[in-house]
file entry33.cif (mmCIF, C-alpha atoms and all ligand atoms)
data_final
#
loop_
_atom_site.label_atom_id
_atom_site.label_comp_id
_atom_site.auth_asym_id
_atom_site.auth_seq_id
_atom_site.Cartn_x
_atom_site.Cartn_y
_atom_site.Cartn_z
CA MET A 154 -21.95 -19.60 -22.84
CA ASN A 155 -23.06 -16.51 -20.93
CA ILE A 156 -21.31 -16.52 -17.56
CA ARG A 157 -23.97 -14.19 -16.13
CA ASN A 158 -26.58 -16.92 -16.45
CA TYR A 159 -24.93 -18.88 -13.65
CA LYS A 160 -25.74 -17.93 -10.06
CA THR A 161 -23.16 -19.66 -7.87
CA THR A 162 -19.38 -20.02 -7.85
CA GLN A 163 -19.70 -23.75 -8.40
CA GLU A 164 -22.16 -23.42 -11.31
CA ARG A 165 -19.90 -20.95 -13.08
CA ARG A 166 -16.83 -23.13 -12.58
CA LYS A 167 -18.61 -26.24 -13.84
CA ALA A 168 -19.83 -24.34 -16.92
CA ILE A 169 -16.31 -23.13 -17.70
CA GLU A 170 -14.88 -26.64 -17.16
CA LYS A 171 -17.43 -28.10 -19.57
CA ASN A 172 -17.17 -25.36 -22.17
CA PHE A 173 -13.38 -25.32 -22.31
CA THR A 174 -12.80 -28.99 -21.41
CA VAL A 175 -10.54 -27.98 -18.57
CA ASP A 176 -10.17 -29.36 -15.06
CA LEU A 177 -10.38 -26.62 -12.39
CA LYS A 178 -10.59 -28.82 -9.32
CA ASN A 179 -7.86 -26.95 -7.43
CA ILE A 180 -9.40 -23.57 -8.12
CA GLY A 181 -12.62 -25.02 -6.74
CA GLN A 182 -11.01 -26.32 -3.57
CA SER A 183 -11.26 -23.98 -0.64
CA LEU A 184 -12.27 -24.19 2.96
CA ILE A 185 -13.40 -20.57 2.81
CA ASP A 186 -17.06 -19.72 2.44
CA ASP A 187 -17.46 -17.88 -0.87
CA THR A 188 -20.65 -16.02 0.12
CA VAL A 189 -18.92 -12.82 1.22
CA ALA A 190 -16.24 -12.87 -1.48
CA GLN A 191 -18.68 -13.25 -4.35
CA THR A 192 -20.96 -10.47 -3.14
CA ARG A 193 -18.27 -7.97 -2.08
CA ASN A 194 -14.90 -8.79 -3.56
CA CYS A 195 -15.15 -10.55 -6.89
CA GLU A 196 -17.71 -10.75 -9.69
CA ASN A 197 -18.20 -13.86 -11.86
CA MET A 198 -16.38 -15.82 -9.18
CA ILE A 199 -15.32 -19.39 -10.01
CA GLY A 200 -13.09 -20.22 -7.04
CA PHE A 201 -9.91 -19.15 -5.27
CA THR A 202 -6.29 -18.68 -6.28
CA GLN A 203 -4.22 -19.96 -3.40
CA VAL A 204 -0.85 -18.41 -2.71
CA PRO A 205 1.71 -19.88 -0.30
CA LEU A 206 1.93 -17.99 2.99
CA GLY A 207 5.09 -17.83 5.09
CA VAL A 208 6.15 -15.92 8.17
CA ALA A 209 9.31 -13.95 8.85
CA GLY A 210 10.33 -12.89 12.31
CA PRO A 211 10.41 -12.12 15.09
CA LEU A 212 10.96 -8.47 14.23
CA LYS A 213 11.48 -6.17 17.20
CA LEU A 214 9.77 -2.87 16.44
CA SER A 215 9.31 0.33 18.44
CA THR A 216 7.60 3.55 17.48
CA ILE A 217 9.47 6.73 18.30
CA ASN A 218 6.46 7.91 20.34
CA ASN A 219 6.34 4.77 22.42
CA GLN A 220 9.76 3.24 23.00
CA GLN A 221 8.17 0.02 24.25
CA SER A 222 8.98 -2.63 21.67
CA THR A 223 6.75 -5.33 20.20
CA MET A 224 7.82 -8.54 18.48
CA TYR A 225 6.08 -9.29 15.17
CA TYR A 226 5.86 -12.32 12.93
CA LEU A 227 5.18 -11.01 9.44
CA PRO A 228 2.73 -12.89 7.18
CA LEU A 229 4.08 -12.90 3.62
CA ALA A 230 2.12 -14.40 0.72
CA THR A 231 4.40 -15.09 -2.21
CA THR A 232 5.48 -17.52 -4.90
CA GLU A 233 9.01 -16.09 -4.99
CA GLY A 234 11.29 -18.60 -3.33
CA ALA A 235 13.94 -16.92 -1.12
CA LEU A 236 11.79 -13.86 -0.31
CA VAL A 237 10.55 -15.03 3.10
CA ALA A 238 14.02 -16.35 3.99
CA SER A 239 15.53 -13.01 3.02
CA VAL A 240 13.09 -10.98 5.13
CA ALA A 241 13.55 -13.45 8.03
CA ARG A 242 17.32 -12.94 7.91
CA GLY A 243 16.84 -9.15 7.92
CA CYS A 244 14.47 -9.46 10.91
CA LYS A 245 17.06 -11.51 12.79
CA ALA A 246 19.83 -8.99 12.17
CA ILE A 247 17.64 -6.01 13.12
CA THR A 248 16.18 -7.68 16.23
CA GLN A 249 19.61 -8.78 17.50
CA SER A 250 20.82 -5.20 16.98
CA GLY A 251 18.08 -3.68 19.17
CA GLY A 252 15.19 -3.46 16.72
CA VAL A 253 13.72 -1.12 14.17
CA PHE A 254 12.36 2.33 15.09
CA VAL A 255 9.43 3.68 13.11
CA ASP A 256 7.39 6.84 12.75
CA SER A 257 4.40 7.66 10.58
CA HIS A 258 2.14 10.47 9.40
CA ARG A 259 -1.30 10.23 7.87
CA ILE A 260 -1.75 12.16 4.63
CA GLY A 261 -5.03 10.43 3.80
CA ALA A 262 -6.77 8.92 0.84
CA THR A 263 -6.95 11.37 -2.06
CA ARG A 264 -9.44 11.58 -4.90
CA ALA A 265 -9.09 14.29 -7.56
CA PRO A 266 -11.89 14.94 -10.02
CA VAL A 267 -11.25 16.96 -13.17
CA PHE A 268 -13.62 19.87 -13.94
CA TYR A 269 -14.16 21.56 -17.29
CA VAL A 270 -13.79 25.27 -16.46
CA GLY A 271 -13.62 26.60 -20.01
CA ASN A 272 -11.25 29.53 -19.45
CA LEU A 273 -9.41 31.55 -16.81
CA GLU A 274 -12.62 33.09 -15.53
CA GLY A 275 -13.97 29.58 -14.92
CA GLN A 276 -10.71 28.60 -13.19
CA LYS A 277 -11.13 31.50 -10.78
CA ARG A 278 -14.82 30.91 -10.22
CA LEU A 279 -14.27 27.27 -9.27
CA GLN A 280 -11.33 28.09 -7.01
CA ASP A 281 -13.28 30.86 -5.25
CA PHE A 282 -16.18 28.47 -4.70
CA LEU A 283 -13.90 25.78 -3.21
CA ASP A 284 -12.23 28.35 -0.95
CA THR A 285 -15.52 29.74 0.37
CA HIS A 286 -17.47 26.46 0.72
CA ARG A 287 -15.00 24.27 2.63
CA GLN A 288 -17.42 23.75 5.52
CA GLU A 289 -20.23 22.61 3.20
CA LEU A 290 -17.86 20.18 1.43
CA LYS A 291 -16.73 18.86 4.83
CA GLU A 292 -20.33 18.30 5.80
CA ILE A 293 -21.04 16.32 2.61
CA ALA A 294 -18.09 14.04 3.45
CA ARG A 295 -19.21 13.64 7.05
CA GLN A 296 -22.71 12.67 6.03
CA SER A 297 -21.49 10.06 3.54
CA SER A 298 -19.61 8.09 6.24
CA GLY A 299 -19.16 8.34 9.98
CA HIS A 300 -15.51 7.38 9.49
CA LEU A 301 -14.62 10.00 6.89
CA THR A 302 -13.21 13.52 7.40
CA LEU A 303 -12.24 15.93 4.65
CA THR A 304 -8.78 17.19 5.67
CA ASP A 305 -7.39 19.06 2.68
CA VAL A 306 -8.27 20.47 -0.74
CA THR A 307 -5.57 21.41 -3.25
CA SER A 308 -6.06 22.17 -6.91
CA ARG A 309 -4.27 22.92 -10.13
CA GLY A 310 -5.48 24.44 -13.38
CA VAL A 311 -4.23 23.62 -16.86
CA GLY A 312 -5.91 25.26 -19.85
CA THR A 313 -9.63 24.60 -19.65
CA TYR A 314 -9.30 21.92 -16.93
CA ARG A 315 -9.04 22.19 -13.15
CA TYR A 316 -7.91 19.22 -11.03
CA VAL A 317 -9.07 19.27 -7.40
CA ARG A 318 -7.34 16.89 -5.01
CA PHE A 319 -9.51 16.13 -1.94
CA ALA A 320 -7.73 14.41 0.95
CA PHE A 321 -9.58 12.43 3.63
CA ASP A 322 -8.86 10.83 6.94
CA THR A 323 -10.52 7.43 6.44
CA GLN A 324 -9.54 6.03 9.85
CA ASP A 325 -8.84 2.28 9.57
CA ALA A 326 -10.06 1.85 5.99
CA MET A 327 -7.76 2.31 3.01
CA GLY A 328 -10.61 4.54 1.94
CA MET A 329 -10.83 4.69 -1.84
CA ASN A 330 -14.47 3.63 -2.00
CA MET A 331 -15.37 6.00 0.83
CA ALA A 332 -13.47 8.90 -0.80
CA THR A 333 -14.96 8.21 -4.23
CA ILE A 334 -18.52 8.12 -2.89
CA ALA A 335 -18.02 11.42 -1.02
CA VAL A 336 -16.27 13.16 -3.93
CA THR A 337 -19.03 12.14 -6.33
CA GLN A 338 -21.51 13.94 -4.06
CA MET A 339 -19.19 16.96 -3.74
CA CYS A 340 -18.89 17.21 -7.53
CA GLU A 341 -22.68 17.23 -7.81
CA TYR A 342 -22.81 20.01 -5.21
CA VAL A 343 -20.15 22.06 -7.01
CA GLY A 344 -21.88 21.54 -10.37
CA LYS A 345 -25.26 22.58 -8.99
CA HIS A 346 -23.94 25.83 -7.49
CA THR A 347 -21.40 26.90 -10.13
CA GLY A 348 -22.58 25.30 -13.34
CA ILE A 349 -19.06 23.90 -13.72
CA ARG A 350 -19.12 20.32 -14.97
CA CYS A 351 -17.07 17.50 -13.50
CA ILE A 352 -15.70 15.50 -16.45
CA SER A 353 -14.54 12.55 -14.34
CA VAL A 354 -14.56 11.85 -10.60
CA SER A 355 -10.95 10.76 -11.06
CA GLY A 356 -8.79 13.10 -13.09
CA ASN A 357 -5.54 11.16 -12.44
CA TYR A 358 -4.33 13.89 -10.08
CA CYS A 359 -5.36 11.57 -7.18
CA VAL A 360 -2.88 9.71 -8.07
CA ASP A 361 -4.41 6.26 -7.59
CA LYS A 362 -2.53 3.08 -8.55
CA LYS A 363 -0.01 4.83 -10.77
CA PRO A 364 3.61 5.84 -10.10
CA SER A 365 3.83 9.62 -9.69
CA TRP A 366 6.18 12.24 -8.32
CA LEU A 367 3.17 14.05 -6.79
CA ASN A 368 2.59 11.12 -4.43
CA VAL A 369 6.31 10.84 -3.67
CA ILE A 370 6.60 14.54 -2.84
CA ASP A 371 3.23 15.23 -1.14
CA GLY A 372 2.64 11.68 0.14
CA ARG A 373 -0.58 9.69 0.02
CA GLY A 374 -2.27 7.31 2.44
CA ILE A 375 0.17 6.88 5.32
CA GLN A 376 3.81 8.00 5.20
CA VAL A 377 6.23 5.79 7.15
CA TRP A 378 9.87 6.05 8.16
CA ALA A 379 11.88 3.14 9.59
CA GLU A 380 15.49 3.03 10.79
CA ALA A 381 17.93 0.68 12.48
CA VAL A 382 21.60 0.49 13.35
CA ILE A 383 23.12 -2.93 12.67
CA LYS A 384 26.09 -3.77 14.82
CA LYS A 385 29.42 -4.90 13.38
CA ASN A 386 29.25 -8.39 14.91
CA ILE A 387 25.69 -8.95 13.58
CA LEU A 388 26.81 -7.80 10.14
CA HIS A 389 29.47 -10.52 10.24
CA THR A 390 27.57 -13.36 11.88
CA VAL A 391 24.04 -12.96 10.47
CA LEU A 392 24.51 -11.02 7.23
CA LYS A 393 28.04 -12.23 6.32
CA THR A 394 29.09 -8.76 5.23
CA SER A 395 30.39 -5.44 6.55
CA ALA A 396 29.06 -1.91 6.97
CA GLN A 397 31.33 -0.56 4.22
CA LYS A 398 30.26 -3.24 1.74
CA ILE A 399 26.57 -2.55 2.35
CA PHE A 400 27.17 1.20 2.04
CA ASP A 401 29.11 0.81 -1.23
CA THR A 402 26.38 -1.40 -2.69
CA TRP A 403 23.62 0.97 -1.56
CA LEU A 404 25.38 4.01 -3.08
CA ALA A 405 26.14 2.35 -6.41
CA LYS A 406 22.76 0.61 -6.73
CA CYS A 407 19.99 2.42 -4.88
CA MET A 408 21.32 5.94 -5.45
CA MET A 409 23.47 6.07 -8.60
CA GLY A 410 21.81 3.17 -10.40
CA SER A 411 18.33 4.56 -9.75
CA ALA A 412 19.44 8.04 -10.88
CA VAL A 413 21.01 6.69 -14.08
CA ALA A 414 17.82 4.76 -14.82
CA GLY A 415 15.53 7.72 -14.08
CA SER A 416 13.82 5.54 -11.49
CA MET A 417 11.15 6.89 -9.14
CA ALA A 418 12.20 4.43 -6.43
CA PHE A 419 15.62 4.69 -4.79
CA ASN A 420 15.52 1.28 -3.18
CA ALA A 421 16.34 -2.38 -3.64
CA GLN A 422 13.16 -4.38 -3.28
CA ILE A 423 10.38 -2.55 -1.48
CA ALA A 424 7.78 -3.87 -3.95
CA ASN A 425 8.58 -7.47 -2.98
CA ILE A 426 7.75 -7.02 0.69
CA VAL A 427 4.84 -4.65 0.14
CA ALA A 428 3.22 -7.02 -2.39
CA ALA A 429 3.63 -10.07 -0.13
CA LEU A 430 2.21 -8.28 2.92
CA PHE A 431 -0.61 -6.73 0.88
CA LEU A 432 -1.59 -10.09 -0.56
CA ALA A 433 -1.55 -11.79 2.84
CA THR A 434 -3.63 -9.12 4.56
CA GLY A 435 -6.29 -8.30 1.96
CA GLN A 436 -4.96 -4.96 0.77
CA ASP A 437 -5.65 -3.78 -2.77
CA VAL A 438 -2.50 -5.23 -4.38
CA ALA A 439 -2.61 -2.65 -7.19
CA HIS A 440 -1.46 -0.13 -4.56
CA THR A 441 1.89 -1.92 -4.53
CA VAL A 442 2.84 0.45 -7.34
CA GLU A 443 2.50 3.36 -4.90
CA GLY A 444 3.88 1.55 -1.86
CA SER A 445 7.07 0.64 -3.70
CA MET A 446 8.09 4.27 -4.33
CA GLY A 447 10.39 4.57 -1.33
CA THR A 448 13.92 5.70 -0.62
CA THR A 449 16.63 3.86 1.30
CA THR A 450 19.52 5.59 2.99
CA ALA A 451 22.65 4.12 4.54
CA GLU A 452 25.51 5.55 6.62
CA VAL A 453 28.60 3.93 8.05
CA HIS A 454 28.76 4.56 11.81
CA GLY A 455 32.19 3.32 12.87
CA GLU A 456 31.94 -0.33 11.86
CA ASP A 457 28.15 -0.43 12.25
CA ILE A 458 25.65 0.57 9.59
CA TYR A 459 22.69 2.94 9.93
CA ILE A 460 20.00 2.02 7.42
CA SER A 461 16.60 3.60 6.81
CA VAL A 462 13.63 3.58 4.50
CA SER A 463 11.05 6.27 3.87
CA LEU A 464 7.76 5.20 2.35
CA PRO A 465 5.73 8.25 1.27
CA ASP A 466 2.67 6.43 -0.01
CA LEU A 467 1.16 3.42 1.77
CA MET A 468 -2.53 2.97 0.95
CA VAL A 469 -3.52 0.43 3.58
CA GLY A 470 -6.47 -0.51 5.76
CA THR A 471 -7.50 -2.98 8.42
CA VAL A 472 -11.23 -2.79 7.65
CA GLY A 473 -13.05 -2.78 4.32
CA GLY A 474 -12.09 -4.16 0.92
CA GLY A 475 -10.39 -7.56 1.13
CA THR A 476 -9.41 -7.24 4.81
CA GLY A 477 -12.62 -8.93 5.99
CA LEU A 478 -11.96 -12.19 4.14
CA PRO A 479 -11.21 -14.99 6.61
CA THR A 480 -7.56 -15.76 5.76
CA GLN A 481 -6.67 -12.10 5.28
CA ARG A 482 -8.29 -11.18 8.58
CA GLU A 483 -6.33 -13.91 10.36
CA ALA A 484 -3.10 -12.50 8.92
CA LEU A 485 -4.03 -9.05 10.26
CA SER A 486 -4.84 -10.68 13.63
CA LEU A 487 -1.34 -12.17 13.72
CA LEU A 488 -0.08 -8.57 13.66
CA GLY A 489 -2.67 -7.47 16.24
CA VAL A 490 -4.29 -4.96 13.87
CA ALA A 491 -7.47 -6.65 12.60
CA GLY A 492 -10.58 -4.46 12.53
CA GLY A 493 -11.17 -0.84 13.43
CA ASP A 494 -9.69 1.23 16.24
CA HIS A 495 -10.22 4.92 15.36
CA GLY A 496 -7.44 4.85 12.75
CA LYS A 497 -4.84 3.42 15.14
CA ASN A 498 -4.85 -0.05 13.57
CA SER A 499 -4.21 1.13 10.01
CA GLN A 500 -1.41 3.42 11.17
CA LYS A 501 0.18 0.67 13.26
CA PHE A 502 -0.11 -1.69 10.30
CA ALA A 503 1.63 0.84 8.03
CA GLU A 504 4.44 1.15 10.59
CA ILE A 505 4.86 -2.64 10.68
CA ILE A 506 5.14 -2.59 6.87
CA GLY A 507 7.92 -0.02 7.27
CA GLY A 508 9.81 -2.35 9.61
CA ALA A 509 9.28 -5.33 7.31
CA VAL A 510 10.50 -3.38 4.29
CA LEU A 511 13.66 -2.38 6.16
CA ALA A 512 14.34 -6.02 7.05
CA GLY A 513 13.96 -7.13 3.43
CA LYS A 514 16.15 -4.37 2.11
CA LEU A 515 18.91 -4.93 4.63
CA SER A 516 19.05 -8.60 3.75
CA LEU A 517 19.05 -8.04 -0.01
CA LEU A 518 21.72 -5.33 0.15
CA SER A 519 23.82 -7.71 2.26
CA SER A 520 23.45 -10.54 -0.28
CA LEU A 521 24.30 -8.23 -3.16
CA SER A 522 27.31 -6.84 -1.31
CA GLU A 523 28.62 -10.38 -0.86
CA GLY A 524 27.59 -11.66 -4.29
CA THR A 525 25.38 -14.41 -2.82
CA LEU A 526 22.01 -13.38 -4.28
CA ALA A 527 21.99 -15.83 -7.20
CA ARG A 528 23.18 -18.66 -4.95
CA ALA A 529 20.34 -18.10 -2.46
CA HIS A 530 17.74 -17.98 -5.22
CA ALA A 531 19.14 -21.10 -6.89
CA ARG A 532 19.05 -22.96 -3.58
CA LEU A 533 15.68 -21.75 -2.32
CA ALA A 534 13.67 -21.10 -5.49
CA ARG A 535 14.72 -24.13 -7.53
CA GLY A 536 14.37 -26.79 -4.89
CA GLY A 537 18.15 -26.93 -4.48
CA LYS A 538 18.93 -27.35 -8.21
CA THR A 539 21.11 -24.76 -9.97
P1 LIG B 1 -15.10 -0.02 2.03
O1 LIG B 1 -15.26 -1.43 2.42
O2 LIG B 1 -15.76 0.44 0.78
O3 LIG B 1 -15.57 0.97 3.18
C1 LIG B 1 -15.13 0.83 4.49
C2 LIG B 1 -16.35 0.73 5.38
O4 LIG B 1 -15.90 0.35 6.67
C3 LIG B 1 -17.07 2.05 5.52
O5 LIG B 1 -18.35 1.91 5.00
C4 LIG B 1 -17.12 2.29 7.02
O6 LIG B 1 -18.41 2.44 7.51
C5 LIG B 1 -16.69 0.99 7.62
N1 LIG B 1 -15.91 1.14 8.86
C6 LIG B 1 -16.19 0.52 10.04
N2 LIG B 1 -15.25 0.80 10.96
C7 LIG B 1 -14.36 1.63 10.38
C8 LIG B 1 -13.17 2.25 10.83
N3 LIG B 1 -12.70 2.09 12.07
N4 LIG B 1 -12.49 3.04 9.97
C9 LIG B 1 -12.93 3.22 8.71
N5 LIG B 1 -14.06 2.66 8.22
C10 LIG B 1 -14.78 1.85 9.05
O7 LIG B 1 -13.53 0.23 2.01
P2 LIG B 1 -12.66 1.40 1.39
O8 LIG B 1 -11.38 1.33 2.17
O9 LIG B 1 -13.36 2.69 1.30
O10 LIG B 1 -12.40 0.89 -0.06
C11 LIG B 1 -11.59 -0.26 -0.25
C12 LIG B 1 -11.97 -0.89 -1.52
O11 LIG B 1 -11.93 0.10 -2.54
C13 LIG B 1 -11.03 -1.99 -1.96
O12 LIG B 1 -11.79 -3.14 -2.28
C14 LIG B 1 -10.38 -1.43 -3.20
O13 LIG B 1 -10.05 -2.41 -4.11
C15 LIG B 1 -11.43 -0.49 -3.71
N6 LIG B 1 -11.01 0.62 -4.56
C16 LIG B 1 -11.99 1.45 -4.97
C17 LIG B 1 -11.69 2.51 -5.76
C18 LIG B 1 -12.78 3.42 -6.19
O14 LIG B 1 -12.52 4.34 -6.94
N7 LIG B 1 -14.02 3.21 -5.74
C19 LIG B 1 -10.35 2.76 -6.13
C20 LIG B 1 -9.37 1.94 -5.66
C21 LIG B 1 -9.71 0.87 -4.87
P3 LIG B 1 -19.25 3.78 7.60
O15 LIG B 1 -19.83 3.98 6.24
O16 LIG B 1 -20.26 3.48 8.62
O17 LIG B 1 -18.33 4.89 7.98
#
call {"tool": "encode", "arguments": {"input": "entry33.cif", "output": "structure tokens", "more": "lines below"}}
Ligand code: NAP
result
Amino acid sequence: MNIRNYKTTQERRKAIEKNFTVDLKNIGQSLIDDTVAQTRNCENMIGFTQVPLGVAGPLKLSTINNQQSTMYYLPLATTEGALVASVARGCKAITQSGGVFVDSHRIGATRAPVFYVGNLEGQKRLQDFLDTHRQELKEIARQSSGHLTLTDVTSRGVGTYRYVRFAFDTQDAMGMNMATIAVTQMCEYVGKHTGIRCISVSGNYCVDKKPSWLNVIDGRGIQVWAEAVIKKNILHTVLKTSAQKIFDTWLAKCMMGSAVAGSMAFNAQIANIVAALFLATGQDVAHTVEGSMGTTTAEVHGEDIYISVSLPDLMVGTVGGGTGLPTQREALSLLGVAGGDHGKNSQKFAEIIGGAVLAGKLSLLSSLSEGTLARAHARLARGGKT
């Protein structure tokens, strides 16, 4: 059987069913039109994987620039029982305590080709060319997309290789296709004028879809910070714990435990919330690996707790990629960020993710501090059976 001989989703599925004597009727069941998905999002398409979608909220969220708050219901696609309930409980505690405050900064999508420079003379020649031709490189980016601006160029040489990290403002798109298209043209331009060969348009200095200290330190995509102060009475009534217990758990787990393990993420469960939001809203879920590299802090303020997260690397968009698929677009609409708005939608979306992550972390740290994590999972993820 050659799967490429079949033209439609249905034909391919039927061929697979026949060839492997397997029933794929659920994979074939979808109300969504597959025309867009099979031409833009997925090759050799045979149907859809459906993932349960829940909502957590309301979450009261304000940006530090605009103190006016907005209430959000967060769409979370997951198969992990207890996750939505956990985030919902965190939202309740944060909202009743006055809400989460967020701030963000756009670093941009980065793409870093590797050039073969041969020796130190080649290193210098390439660097001199990049330094003196910034305007020309900017113009190449501008011509490749009306929504793309080259914002930064940094580079590093090792032996006979030079890695050049181009950063772009990609407005409301996550931007990796846009950046890759532009950088390919830039590499051709550099090669033509210097004779220096680009070995690969991605030299892993980007750093795309891999955990890396470079992304933690310099940031990538959109950086987000979120903070909240949870009042003593809310800690007792909603989270069934105390400020000191959360602090002790955070210190022992997120700080010391992560240090002992050599972890790159000083947090409790950022990946859970990032993955569920990414899946629901059509993000590239492989970027969860970057989005999960965040740090949580906690401080006891009297009998209240101050809790924060910093997310240095959120690669997100509200146009392009999977965001245009019908269910994913609806999930973005629920957050009021579907489509393009000069980069404002993607930044707002990243800030909402920051608030959602804080809610999930607060709830998990509370459960751990009270020793109720296993009980909640047994109750919610096993249909009540332990
Ligand atoms: P894209 O769908 O390739 O491009 C976004 C398009 O949206 C652009 O062509 C742009 O049009 C248009 N657009 C309209 N309004 C916009 C606005 N307000 N802001 C920004 N763009 C706007 O999406 P992408 O984000 O660049 O790439 C996402 C995809 O890349 C995902 O599917 C992901 O899985 C994949 N990906 C690719 C690579 C790679 O190396 N190629 C790596 C990782 C992930 P104009 O052209 O008119 O500006």
call {"tool": "residues_near_ligand", "arguments": {"input": "entry33.cif", "ligand": "ligand LIG 1 (chain B)", "cutoff": "6 Å", "atoms": "only C-alpha atoms and all ligand atoms", "output": "list in words"}}
result
Ser298, Gly299, His300, Thr323, Gln324, Asp325, Ala326, Met327, Gly328, Met329, Asn330, Met331, Thr333, Asp437, Val472, Gly473, Gly474, Gly475, Gly493, Asp494, His495 and Gly496 of chain A
call {"tool": "write_last_selection", "arguments": {"input": "entry33.cif", "atoms": "C-alpha atoms", "output": "mmCIF file, in the coordinates of the input"}}
result
data_model
loop_
_atom_site.group_PDB
_atom_site.id
_atom_site.type_symbol
_atom_site.label_atom_id
_atom_site.label_comp_id
_atom_site.auth_asym_id
_atom_site.auth_seq_id
_atom_site.Cartn_x
_atom_site.Cartn_y
_atom_site.Cartn_z
ATOM 1 C CA SER A 298 -19.610 8.090 6.240
ATOM 2 C CA GLY A 299 -19.160 8.340 9.980
ATOM 3 C CA HIS A 300 -15.510 7.380 9.490
ATOM 4 C CA THR A 323 -10.520 7.430 6.440
ATOM 5 C CA GLN A 324 -9.540 6.030 9.850
ATOM 6 C CA ASP A 325 -8.840 2.280 9.570
ATOM 7 C CA ALA A 326 -10.060 1.850 5.990
ATOM 8 C CA MET A 327 -7.760 2.310 3.010
ATOM 9 C CA GLY A 328 -10.610 4.540 1.940
ATOM 10 C CA MET A 329 -10.830 4.690 -1.840
ATOM 11 C CA ASN A 330 -14.470 3.630 -2.000
ATOM 12 C CA MET A 331 -15.370 6.000 0.830
ATOM 13 C CA THR A 333 -14.960 8.210 -4.230
ATOM 14 C CA ASP A 437 -5.650 -3.780 -2.770
ATOM 15 C CA VAL A 472 -11.230 -2.790 7.650
ATOM 16 C CA GLY A 473 -13.050 -2.780 4.320
ATOM 17 C CA GLY A 474 -12.090 -4.160 0.920
ATOM 18 C CA GLY A 475 -10.390 -7.560 1.130
ATOM 19 C CA GLY A 493 -11.170 -0.840 13.430
ATOM 20 C CA ASP A 494 -9.690 1.230 16.240
ATOM 21 C CA HIS A 495 -10.220 4.920 15.360
ATOM 22 C CA GLY A 496 -7.440 4.850 12.750
#
call {"tool": "closest_residue", "arguments": {"input": "entry33.cif", "among": "A:Trp366, A:Leu478, A:Ala428, A:Gly507", "to": "Asp187 of chain A", "atoms": "all atoms listed in the file"}}
result
A:Leu478
call {"tool": "closest_residue", "arguments": {"input": "entry33.cif", "among": "A:Gly524, A:Gly410, A:Gly444, A:Pro211", "to": "Gly243 of chain A", "atoms": "all atoms listed in the file"}}
result
A:Pro211
call {"tool": "atom_distance", "arguments": {"input": "entry33.cif", "atom1": "atom CA of Asp371 of chain A", "atom2": "atom CA of Ala320 of chain A"}}
result
11.2 Å
call {"tool": "closest_residue", "arguments": {"input": "entry33.cif", "among": "A:Leu273, A:Ala235, A:Ile399, A:Ala433", "to": "Thr449 of chain A", "atoms": "all atoms listed in the file"}}
result
A:Ile399
